[in-house]
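Visitor: One structure, as structure tokens, below. Some questions next.
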Amino acid sequence: MAATINHQWRLAARPVGAVKRTDWNFTEEPVTSPADGQVLVKTLYLSLDPAMRGWMNEGKSYIPPVGIGEVMRAGGIGKVIESKDPSFKPGDFVNGTPGVQEYALVAGKQVTRVDPRLAPLPVYLSALGMPGFTAYFGLLDIGKPEAGQTVVVSGAAGAVGTVVGQIAKIKGCRAVGIAGGADKCRYLTEELGFDAAVDYKHSDVKAALRDVCPNGIDVFFDNVGGDILDVALTRLARHARIVICGAISQYNNATPVKGPANYLSLLVNRAAMTGMVVFDYAKRYPDAVRELGGWMAAGKLKSREHIVEGLQTFPETLQMLFSGANMGKLVLKVASE
């Protein structure tokens, strides 16, 4: 494999505001063989997630920042090319964190085998991957929805939001999504079965939530932060639960993050606001896969992937997350299976 060249996107600078192509360097180096306990993985699909923007910032967070000069961190699906771990053999498909590159040397204990016969490989980065796990544990463990309650999710047409709303319906709740644009709102209600959708780009969100949530919001699953979170806080029901999963509206700010001005609603309504990071549930991922997979097999859960081809397109494709150009899980296809 020594003659094979690996192309990579490495972090070149800490971005200010929106990321630019110049915040990375596109590099190449020879592919090397794995050491004992490692596998050499050819990257097939990469997961592009809003959290990647936070990983580029220096400072304390739930995970160390990507270092300057390091390959940009990203989850992905790949194919084992060479193995020095007895648990894997060439030809196995695995899920892990290869980074934004064509080939990755990773420890065998850091990847999980996946079966393309059970679901298309990109689905393991979507409903059967981190976004699905995030929705599953965030909604069920923290949101604790009860049948008949109203669950509202922001960023509802994204990878996490679509699953949150569908699980809410499975659990007998009313599901309301907040998304940008008529097409996304129609997708939520007509294809995924949400009870209502609010178009934040073309409507008064506060008035719309009042109309579609007349008894208030029992569970608010927030992927957006900023003004949307602030408005949702004004519509809480008694003993509401707010799940803080992300704040995509704030990630490219060049100014300090905007916090909720209406936080006293938590006091008035005896509500709880809790942050969640999916990595905390790693030991329970197999439980989530079993239940999510069962719902998919039964036709109760749909997964949608927005696939863009070409490693070279990475900087521009990542920006689709922040412009709202993607529908469903954004995936970068690096190579064919």
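Letters for chains follow the order of the structure tokens (A, B, ...), residue numbers begin at 1 for each chain, and ligand numbers begin at 1 in the order shown.
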Could you pull out all residues of region 64-306 of chain A with a DSSP call of strand (DSSP E) and give them as a ChimeraX atom specification?
Guide: /A:76-83,93-96,103-107,112-114,150-154,174-179,196-199,217-222,236-244,272-275,305-306
Visitor: Report the closest atom pair, with its distance in Å rounded to one decimal, for each residue of region 108-176 of chain A that has an atom no farther than 12 Å from region 305-312 of chain A; count only C-alpha atoms, sort by chain and then rising residue number, and write it as a Markdown table.
Guide:
| residue | atom | partner | partner_atom | distance |
| --- | --- | --- | --- | --- |
| A:Pro120 | CA | A:Glu305 | CA | 10.3 |
| A:Leu121 | CA | A:Glu305 | CA | 10.5 |
| A:Pro122 | CA | A:Glu305 | CA | 7.0 |
| A:Val123 | CA | A:Glu305 | CA | 7.2 |
| A:Tyr124 | CA | A:Glu305 | CA | 10.3 |
| A:Leu125 | CA | A:Glu305 | CA | 8.8 |
| A:Ser126 | CA | A:Glu305 | CA | 7.0 |
| A:Ala127 | CA | A:Glu305 | CA | 9.2 |
| A:Leu128 | CA | A:Glu305 | CA | 11.6 |
| A:Gly129 | CA | A:Glu305 | CA | 11.9 |
| A:Pro131 | CA | A:Glu305 | CA | 11.4 |
| A:Ala157 | CA | A:Glu305 | CA | 11.1 |
| A:Gly158 | CA | A:Glu305 | CA | 9.6 |
| A:Ala159 | CA | A:Glu305 | CA | 8.0 |
| A:Val160 | CA | A:Glu305 | CA | 11.6 |
| A:Thr162 | CA | A:Glu305 | CA | 11.1 |
Visitor: Show me, as an MDAnalysis selection string, the residues that have an atom within 6 Å of Gly172 (chain A) when counting only C-alpha atoms, minus same-chain residues fewer than 3 positions from it.
Guide: chainID A and resid 147:148 169
Visitor: Compile a residue-level contact table for region 72-130 of chain A against region 21-44 of chain A at a cut-off of 10 Å, reporting for every qualifying residue the shortest atom pair and its distance in Å to one decimal, with only C-alpha atoms counted, rows ordered by chain and ascending number, as a tab-separated table.
Guide:
residue	atom	partner	partner_atom	distance
A:Met72	CA	A:Trp24	CA	8.4
A:Gly75	CA	A:Thr43	CA	10.0
A:Gly76	CA	A:Thr43	CA	7.0
A:Ile77	CA	A:Leu44	CA	5.8
A:Gly78	CA	A:Thr43	CA	4.3
A:Lys79	CA	A:Lys42	CA	5.2
A:Val80	CA	A:Val41	CA	4.5
A:Ile81	CA	A:Leu40	CA	5.5
A:Glu82	CA	A:Leu40	CA	5.1
A:Ser83	CA	A:Val39	CA	4.4
A:Lys84	CA	A:Asp36	CA	5.0
A:Asp85	CA	A:Gly37	CA	4.5
A:Pro86	CA	A:Gly37	CA	7.9
A:Ser87	CA	A:Gly37	CA	9.2
A:Phe88	CA	A:Val39	CA	7.7
A:Lys89	CA	A:Val39	CA	8.6
A:Pro90	CA	A:Val39	CA	8.9
A:Gly91	CA	A:Val41	CA	9.6
A:Asp92	CA	A:Val41	CA	9.3
A:Phe93	CA	A:Val41	CA	8.8
A:Val94	CA	A:Val41	CA	8.2
A:Asn95	CA	A:Thr43	CA	9.8
A:Gly96	CA	A:Val41	CA	9.6
A:Thr97	CA	A:Thr43	CA	9.8
A:Pro98	CA	A:Thr43	CA	7.0
A:Gly99	CA	A:Thr43	CA	8.7
A:Val100	CA	A:Thr43	CA	8.6
A:Gln101	CA	A:Thr43	CA	7.0
A:Glu102	CA	A:Thr43	CA	5.1
A:Tyr103	CA	A:Lys42	CA	4.6
A:Ala104	CA	A:Val41	CA	5.2
A:Leu105	CA	A:Leu40	CA	4.7
A:Val106	CA	A:Gln38	CA	5.4
A:Ala107	CA	A:Gln38	CA	4.2
A:Gly108	CA	A:Gln38	CA	5.2
A:Lys109	CA	A:Gly37	CA	8.0
A:Gln110	CA	A:Gln38	CA	9.2
A:Val111	CA	A:Val39	CA	9.1
A:Leu121	CA	A:Leu44	CA	8.9
A:Pro122	CA	A:Leu44	CA	9.2
Visitor: Mind writing the picked residues with C-alpha atoms as a PDB file, in the first residue's frame?
Guide:
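Writing the result to out.pdb gives the following:
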ATOM      1  CA  MET A  72     -10.193  17.492  10.374  1.00  0.00           C
ATOM      2  CA  GLY A  75     -17.227  10.385  11.621  1.00  0.00           C
ATOM      3  CA  GLY A  76     -17.556   8.055   8.700  1.00  0.00           C
ATOM      4  CA  ILE A  77     -18.084   4.654   7.149  1.00  0.00           C
ATOM      5  CA  GLY A  78     -15.232   2.817   5.486  1.00  0.00           C
ATOM      6  CA  LYS A  79     -13.964  -0.519   4.222  1.00  0.00           C
ATOM      7  CA  VAL A  80     -11.118  -2.380   5.886  1.00  0.00           C
ATOM      8  CA  ILE A  81      -8.215  -2.704   3.434  1.00  0.00           C
ATOM      9  CA  GLU A  82      -5.637  -4.248   5.759  1.00  0.00           C
ATOM     10  CA  SER A  83      -5.979  -5.477   9.337  1.00  0.00           C
ATOM     11  CA  LYS A  84      -3.648  -6.140  12.254  1.00  0.00           C
ATOM     12  CA  ASP A  85      -6.615  -6.648  14.576  1.00  0.00           C
ATOM     13  CA  PRO A  86      -7.984 -10.212  14.702  1.00  0.00           C
ATOM     14  CA  SER A  87     -11.538  -8.870  15.076  1.00  0.00           C
ATOM     15  CA  PHE A  88     -11.535  -7.473  11.536  1.00  0.00           C
ATOM     16  CA  LYS A  89     -10.638  -8.718   8.098  1.00  0.00           C
ATOM     17  CA  PRO A  90     -10.207  -7.008   4.711  1.00  0.00           C
ATOM     18  CA  GLY A  91     -13.593  -6.303   3.176  1.00  0.00           C
ATOM     19  CA  ASP A  92     -15.369  -5.555   6.454  1.00  0.00           C
ATOM     20  CA  PHE A  93     -17.394  -2.335   6.533  1.00  0.00           C
ATOM     21  CA  VAL A  94     -16.874  -0.274   9.682  1.00  0.00           C
ATOM     22  CA  ASN A  95     -18.192   2.850  11.378  1.00  0.00           C
ATOM     23  CA  GLY A  96     -15.741   5.117  13.173  1.00  0.00           C
ATOM     24  CA  THR A  97     -14.008   8.490  13.070  1.00  0.00           C
ATOM     25  CA  PRO A  98     -11.648   8.372  10.090  1.00  0.00           C
ATOM     26  CA  GLY A  99     -11.424  12.139   9.646  1.00  0.00           C
ATOM     27  CA  VAL A 100     -11.674  14.045   6.391  1.00  0.00           C
ATOM     28  CA  GLN A 101      -9.293  11.896   4.354  1.00  0.00           C
ATOM     29  CA  GLU A 102      -9.301   9.016   1.899  1.00  0.00           C
ATOM     30  CA  TYR A 103      -7.576   6.472   4.143  1.00  0.00           C
ATOM     31  CA  ALA A 104      -7.284   6.222   7.913  1.00  0.00           C
ATOM     32  CA  LEU A 105      -5.226   4.128  10.315  1.00  0.00           C
ATOM     33  CA  VAL A 106      -7.414   3.510  13.345  1.00  0.00           C
ATOM     34  CA  ALA A 107      -7.362   1.233  16.360  1.00  0.00           C
ATOM     35  CA  GLY A 108      -9.632  -1.758  15.895  1.00  0.00           C
ATOM     36  CA  LYS A 109     -11.317  -1.019  19.228  1.00  0.00           C
ATOM     37  CA  GLN A 110     -12.379   2.391  17.866  1.00  0.00           C
ATOM     38  CA  VAL A 111     -14.474   1.079  14.972  1.00  0.00           C
ATOM     39  CA  LEU A 121     -24.185   2.323   4.431  1.00  0.00           C
ATOM     40  CA  PRO A 122     -25.091   6.063   4.633  1.00  0.00           C
TER      41      PRO A 122
END
Visitor: A:Ala168, A:Cys245, A:Val331, A:Arg304: which is nearest Thr317 (chain A), counting only C-alpha atoms?
Guide: A:Val331
Visitor: Would you list the contacts of region 52-55 of chain A as number ranges by chain, taking every protein, DNA or RNA residue within 8 Å and counting only C-alpha atoms, but skipping same-chain residues closer than 3 positions in sequence?
Guide: A: 19, 48-49, 58, 63-66, 73-74, 251-252
Visitor: Report the distance between CA of Thr234 (chain A) and CA of Leu192 (chain A) in Å, rounded to one decimal place.
Guide: 26.7 Å
Visitor: With only C-alpha atoms as the counted atoms, please give the residues lying no more than 7 Å from region 268-273 of chain A, apart from itself and same-chain residues fewer than 2 positions off, as a PyMOL selection string.
Guide: chain A and resi 236-244+264-266+275
Visitor: Looking only at the backbone, which of the residues in region 120-166 of chain A does DSSP tag as alpha helix (DSSP H), as a PyMOL selection string?
Guide: chain A and resi 130-137+159-166
Visitor: Those residues you just picked out, can you put them in a file as a PDB file, in the first residue's frame with N, CA, C and O atoms?
Guide:
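As written to disk, again_21.pdb reads:
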ATOM      1  N   MET A 130     -24.956   8.362  14.737  1.00  0.00           N
ATOM      2  CA  MET A 130     -24.945   9.393  15.781  1.00  0.00           C
ATOM      3  C   MET A 130     -26.197  10.275  15.801  1.00  0.00           C
ATOM      4  O   MET A 130     -26.726  10.565  16.874  1.00  0.00           O
ATOM      5  N   PRO A 131     -26.697  10.740  14.640  1.00  0.00           N
ATOM      6  CA  PRO A 131     -27.918  11.563  14.707  1.00  0.00           C
ATOM      7  C   PRO A 131     -29.103  10.803  15.300  1.00  0.00           C
ATOM      8  O   PRO A 131     -29.853  11.353  16.122  1.00  0.00           O
ATOM      9  N   GLY A 132     -29.264   9.549  14.893  1.00  0.00           N
ATOM     10  CA  GLY A 132     -30.335   8.746  15.457  1.00  0.00           C
ATOM     11  C   GLY A 132     -30.151   8.510  16.943  1.00  0.00           C
ATOM     12  O   GLY A 132     -31.113   8.590  17.723  1.00  0.00           O
ATOM     13  N   PHE A 133     -28.910   8.225  17.354  1.00  0.00           N
ATOM     14  CA  PHE A 133     -28.636   8.017  18.778  1.00  0.00           C
ATOM     15  C   PHE A 133     -28.911   9.293  19.572  1.00  0.00           C
ATOM     16  O   PHE A 133     -29.445   9.255  20.686  1.00  0.00           O
ATOM     17  N   THR A 134     -28.518  10.430  18.995  1.00  0.00           N
ATOM     18  CA  THR A 134     -28.727  11.716  19.664  1.00  0.00           C
ATOM     19  C   THR A 134     -30.213  11.956  19.891  1.00  0.00           C
ATOM     20  O   THR A 134     -30.645  12.355  20.991  1.00  0.00           O
ATOM     21  N   ALA A 135     -31.003  11.729  18.845  1.00  0.00           N
ATOM     22  CA  ALA A 135     -32.445  11.905  18.963  1.00  0.00           C
ATOM     23  C   ALA A 135     -33.029  10.925  19.977  1.00  0.00           C
ATOM     24  O   ALA A 135     -33.860  11.297  20.823  1.00  0.00           O
ATOM     25  N   TYR A 136     -32.600   9.687  19.902  1.00  0.00           N
ATOM     26  CA  TYR A 136     -33.144   8.623  20.749  1.00  0.00           C
ATOM     27  C   TYR A 136     -32.893   8.903  22.232  1.00  0.00           C
ATOM     28  O   TYR A 136     -33.824   8.936  23.042  1.00  0.00           O
ATOM     29  N   PHE A 137     -31.638   9.127  22.592  1.00  0.00           N
ATOM     30  CA  PHE A 137     -31.316   9.319  24.006  1.00  0.00           C
ATOM     31  C   PHE A 137     -31.739  10.701  24.501  1.00  0.00           C
ATOM     32  O   PHE A 137     -32.208  10.847  25.638  1.00  0.00           O
ATOM     33  N   ALA A 159     -30.791  16.048  10.385  1.00  0.00           N
ATOM     34  CA  ALA A 159     -30.583  14.631  10.670  1.00  0.00           C
ATOM     35  C   ALA A 159     -31.136  14.230  12.029  1.00  0.00           C
ATOM     36  O   ALA A 159     -31.745  13.172  12.178  1.00  0.00           O
ATOM     37  N   VAL A 160     -30.932  15.054  13.041  1.00  0.00           N
ATOM     38  CA  VAL A 160     -31.428  14.749  14.376  1.00  0.00           C
ATOM     39  C   VAL A 160     -32.916  15.062  14.480  1.00  0.00           C
ATOM     40  O   VAL A 160     -33.715  14.265  14.976  1.00  0.00           O
ATOM     41  N   GLY A 161     -33.310  16.234  13.991  1.00  0.00           N
ATOM     42  CA  GLY A 161     -34.687  16.686  14.144  1.00  0.00           C
ATOM     43  C   GLY A 161     -35.711  15.759  13.523  1.00  0.00           C
ATOM     44  O   GLY A 161     -36.788  15.531  14.093  1.00  0.00           O
ATOM     45  N   THR A 162     -35.389  15.218  12.349  1.00  0.00           N
ATOM     46  CA  THR A 162     -36.349  14.325  11.695  1.00  0.00           C
ATOM     47  C   THR A 162     -36.610  13.082  12.536  1.00  0.00           C
ATOM     48  O   THR A 162     -37.744  12.592  12.606  1.00  0.00           O
ATOM     49  N   VAL A 163     -35.576  12.579  13.187  1.00  0.00           N
ATOM     50  CA  VAL A 163     -35.734  11.383  14.004  1.00  0.00           C
ATOM     51  C   VAL A 163     -36.459  11.712  15.306  1.00  0.00           C
ATOM     52  O   VAL A 163     -37.298  10.935  15.776  1.00  0.00           O
ATOM     53  N   VAL A 164     -36.169  12.869  15.890  1.00  0.00           N
ATOM     54  CA  VAL A 164     -36.858  13.281  17.117  1.00  0.00           C
ATOM     55  C   VAL A 164     -38.368  13.290  16.906  1.00  0.00           C
ATOM     56  O   VAL A 164     -39.140  12.722  17.694  1.00  0.00           O
ATOM     57  N   GLY A 165     -38.813  13.946  15.836  1.00  0.00           N
ATOM     58  CA  GLY A 165     -40.243  14.037  15.577  1.00  0.00           C
ATOM     59  C   GLY A 165     -40.892  12.687  15.338  1.00  0.00           C
ATOM     60  O   GLY A 165     -42.011  12.426  15.809  1.00  0.00           O
ATOM     61  N   GLN A 166     -40.190  11.813  14.632  1.00  0.00           N
ATOM     62  CA  GLN A 166     -40.753  10.486  14.347  1.00  0.00           C
ATOM     63  C   GLN A 166     -40.835   9.628  15.610  1.00  0.00           C
ATOM     64  O   GLN A 166     -41.808   8.893  15.811  1.00  0.00           O
TER      65      GLN A 166
END
Visitor: Give me the residues within 9 Å of Val231 (chain A) as a CSV table (one decimal) with N, CA and C atoms, in the first residue's frame, counting only C-alpha atoms and dropping any in the same chain fewer than 5 places off.
Guide:
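So around.csv came out as:
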chain,number,residue,atom,x,y,z
A,205,VAL,N,-42.8,33.1,14.4
A,205,VAL,CA,-42.6,31.9,15.1
A,205,VAL,C,-43.4,31.9,16.4
A,206,LYS,N,-43.4,33.0,17.1
A,206,LYS,CA,-44.1,33.0,18.4
A,206,LYS,C,-45.6,32.8,18.2
A,209,LEU,N,-46.3,29.2,17.0
A,209,LEU,CA,-46.3,28.2,18.1
A,209,LEU,C,-47.5,28.3,19.0
A,226,GLY,N,-30.4,30.6,20.1
A,226,GLY,CA,-30.7,31.9,19.7
A,226,GLY,C,-32.1,32.3,19.9
A,260,PRO,N,-30.4,32.8,26.4
A,260,PRO,CA,-31.9,33.0,26.4
A,260,PRO,C,-32.3,34.1,27.4
A,262,ASN,N,-35.4,34.8,28.0
A,262,ASN,CA,-36.6,34.4,28.7
A,262,ASN,C,-36.4,33.2,29.6
Visitor: Could you give me, as JSON lines, every region 50-97 of chain A residue with an atom at most 8 Å from region 2-17 of chain A, plus its closest atom pair and distance in Å to one decimal, counting only C-alpha atoms, rows ordered by chain then number?
Guide:
{"residue": "A:Met56", "atom": "CA", "partner": "A:Arg14", "partner_atom": "CA", "distance": 6.1}
{"residue": "A:Asn57", "atom": "CA", "partner": "A:Arg14", "partner_atom": "CA", "distance": 6.0}
{"residue": "A:Glu58", "atom": "CA", "partner": "A:Arg14", "partner_atom": "CA", "distance": 7.4}
{"residue": "A:Val66", "atom": "CA", "partner": "A:Leu11", "partner_atom": "CA", "distance": 7.3}
{"residue": "A:Gly67", "atom": "CA", "partner": "A:Leu11", "partner_atom": "CA", "distance": 7.1}
{"residue": "A:Ile68", "atom": "CA", "partner": "A:Leu11", "partner_atom": "CA", "distance": 5.2}
{"residue": "A:Gly69", "atom": "CA", "partner": "A:Leu11", "partner_atom": "CA", "distance": 5.3}
{"residue": "A:Glu70", "atom": "CA", "partner": "A:Arg10", "partner_atom": "CA", "distance": 5.2}
{"residue": "A:Val71", "atom": "CA", "partner": "A:Arg10", "partner_atom": "CA", "distance": 4.2}
{"residue": "A:Met72", "atom": "CA", "partner": "A:Arg10", "partner_atom": "CA", "distance": 5.4}
Visitor: For the residues in that selection, give me all heavy atoms as a tab-separated table (two decimals), in the first residue's frame.
Guide:
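out-v2.tsv was written with the following content:
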chain	number	residue	atom	x	y	z
A	56	MET	N	-13.54	23.16	15.73
A	56	MET	CA	-12.47	23.97	15.14
A	56	MET	C	-12.03	25.10	16.06
A	56	MET	O	-11.00	25.75	15.83
A	56	MET	CB	-12.93	24.54	13.80
A	56	MET	CG	-13.27	23.48	12.76
A	56	MET	SD	-14.00	24.17	11.27
A	56	MET	CE	-12.55	24.96	10.53
A	57	ASN	N	-12.82	25.37	17.10
A	57	ASN	CA	-12.52	26.46	18.02
A	57	ASN	C	-11.61	25.99	19.14
A	57	ASN	O	-11.74	24.87	19.64
A	57	ASN	CB	-13.80	27.01	18.63
A	57	ASN	CG	-14.71	27.65	17.60
A	57	ASN	OD1	-14.25	28.12	16.57
A	57	ASN	ND2	-16.00	27.67	17.89
A	58	GLU	N	-10.73	26.87	19.56
A	58	GLU	CA	-9.89	26.56	20.71
A	58	GLU	C	-10.67	26.89	21.97
A	58	GLU	O	-11.43	27.85	22.01
A	58	GLU	CB	-8.59	27.37	20.67
A	58	GLU	CG	-7.55	26.85	21.63
A	58	GLU	CD	-6.15	27.23	21.20
A	58	GLU	OE1	-5.98	28.25	20.52
A	58	GLU	OE2	-5.22	26.49	21.55
A	66	VAL	N	-9.84	20.23	17.40
A	66	VAL	CA	-8.91	19.74	16.38
A	66	VAL	C	-7.68	20.65	16.41
A	66	VAL	O	-7.80	21.88	16.41
A	66	VAL	CB	-9.55	19.76	14.99
A	66	VAL	CG1	-8.56	19.32	13.92
A	66	VAL	CG2	-10.79	18.86	14.96
A	67	GLY	N	-6.51	20.07	16.45
A	67	GLY	CA	-5.30	20.86	16.50
A	67	GLY	C	-4.92	21.42	15.13
A	67	GLY	O	-5.26	20.83	14.09
A	68	ILE	N	-4.25	22.56	15.14
A	68	ILE	CA	-3.75	23.12	13.88
A	68	ILE	C	-2.78	22.12	13.25
A	68	ILE	O	-1.86	21.61	13.91
A	68	ILE	CB	-3.05	24.47	14.11
A	68	ILE	CG1	-4.02	25.48	14.72
A	68	ILE	CG2	-2.47	25.00	12.80
A	68	ILE	CD1	-5.20	25.82	13.84
A	69	GLY	N	-3.01	21.82	11.98
A	69	GLY	CA	-2.19	20.84	11.28
A	69	GLY	C	-2.73	19.43	11.32
A	69	GLY	O	-2.23	18.55	10.61
A	70	GLU	N	-3.75	19.19	12.14
A	70	GLU	CA	-4.33	17.85	12.24
A	70	GLU	C	-5.40	17.65	11.17
A	70	GLU	O	-6.04	18.60	10.70
A	70	GLU	CB	-4.96	17.63	13.62
A	70	GLU	CG	-3.95	17.55	14.74
A	70	GLU	CD	-4.60	17.31	16.09
A	70	GLU	OE1	-5.85	17.32	16.19
A	70	GLU	OE2	-3.86	17.13	17.07
A	71	VAL	N	-5.61	16.39	10.81
A	71	VAL	CA	-6.71	16.05	9.90
A	71	VAL	C	-8.03	16.43	10.56
A	71	VAL	O	-8.23	16.15	11.75
A	71	VAL	CB	-6.69	14.55	9.56
A	71	VAL	CG1	-7.92	14.16	8.74
A	71	VAL	CG2	-5.42	14.19	8.81
A	72	MET	N	-8.91	17.08	9.82
A	72	MET	CA	-10.19	17.49	10.37
A	72	MET	C	-10.98	16.28	10.85
A	72	MET	O	-11.13	15.30	10.12
A	72	MET	CB	-10.99	18.27	9.32
A	72	MET	CG	-12.32	18.80	9.83
A	72	MET	SD	-12.13	19.96	11.19
A	72	MET	CE	-13.77	19.90	11.92
Visitor: For a test of reading the model, state the distance in Å between CA of Asp287 (chain A) and CA of Val219 (chain A), rounded to one decimal.
Guide: 22.7 Å
Visitor: Work out how far CA of Ser323 (chain A) is from CA of Ala182 (chain A), in Å to one decimal.
Guide: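 These two atoms are separated by 15.3 Å.
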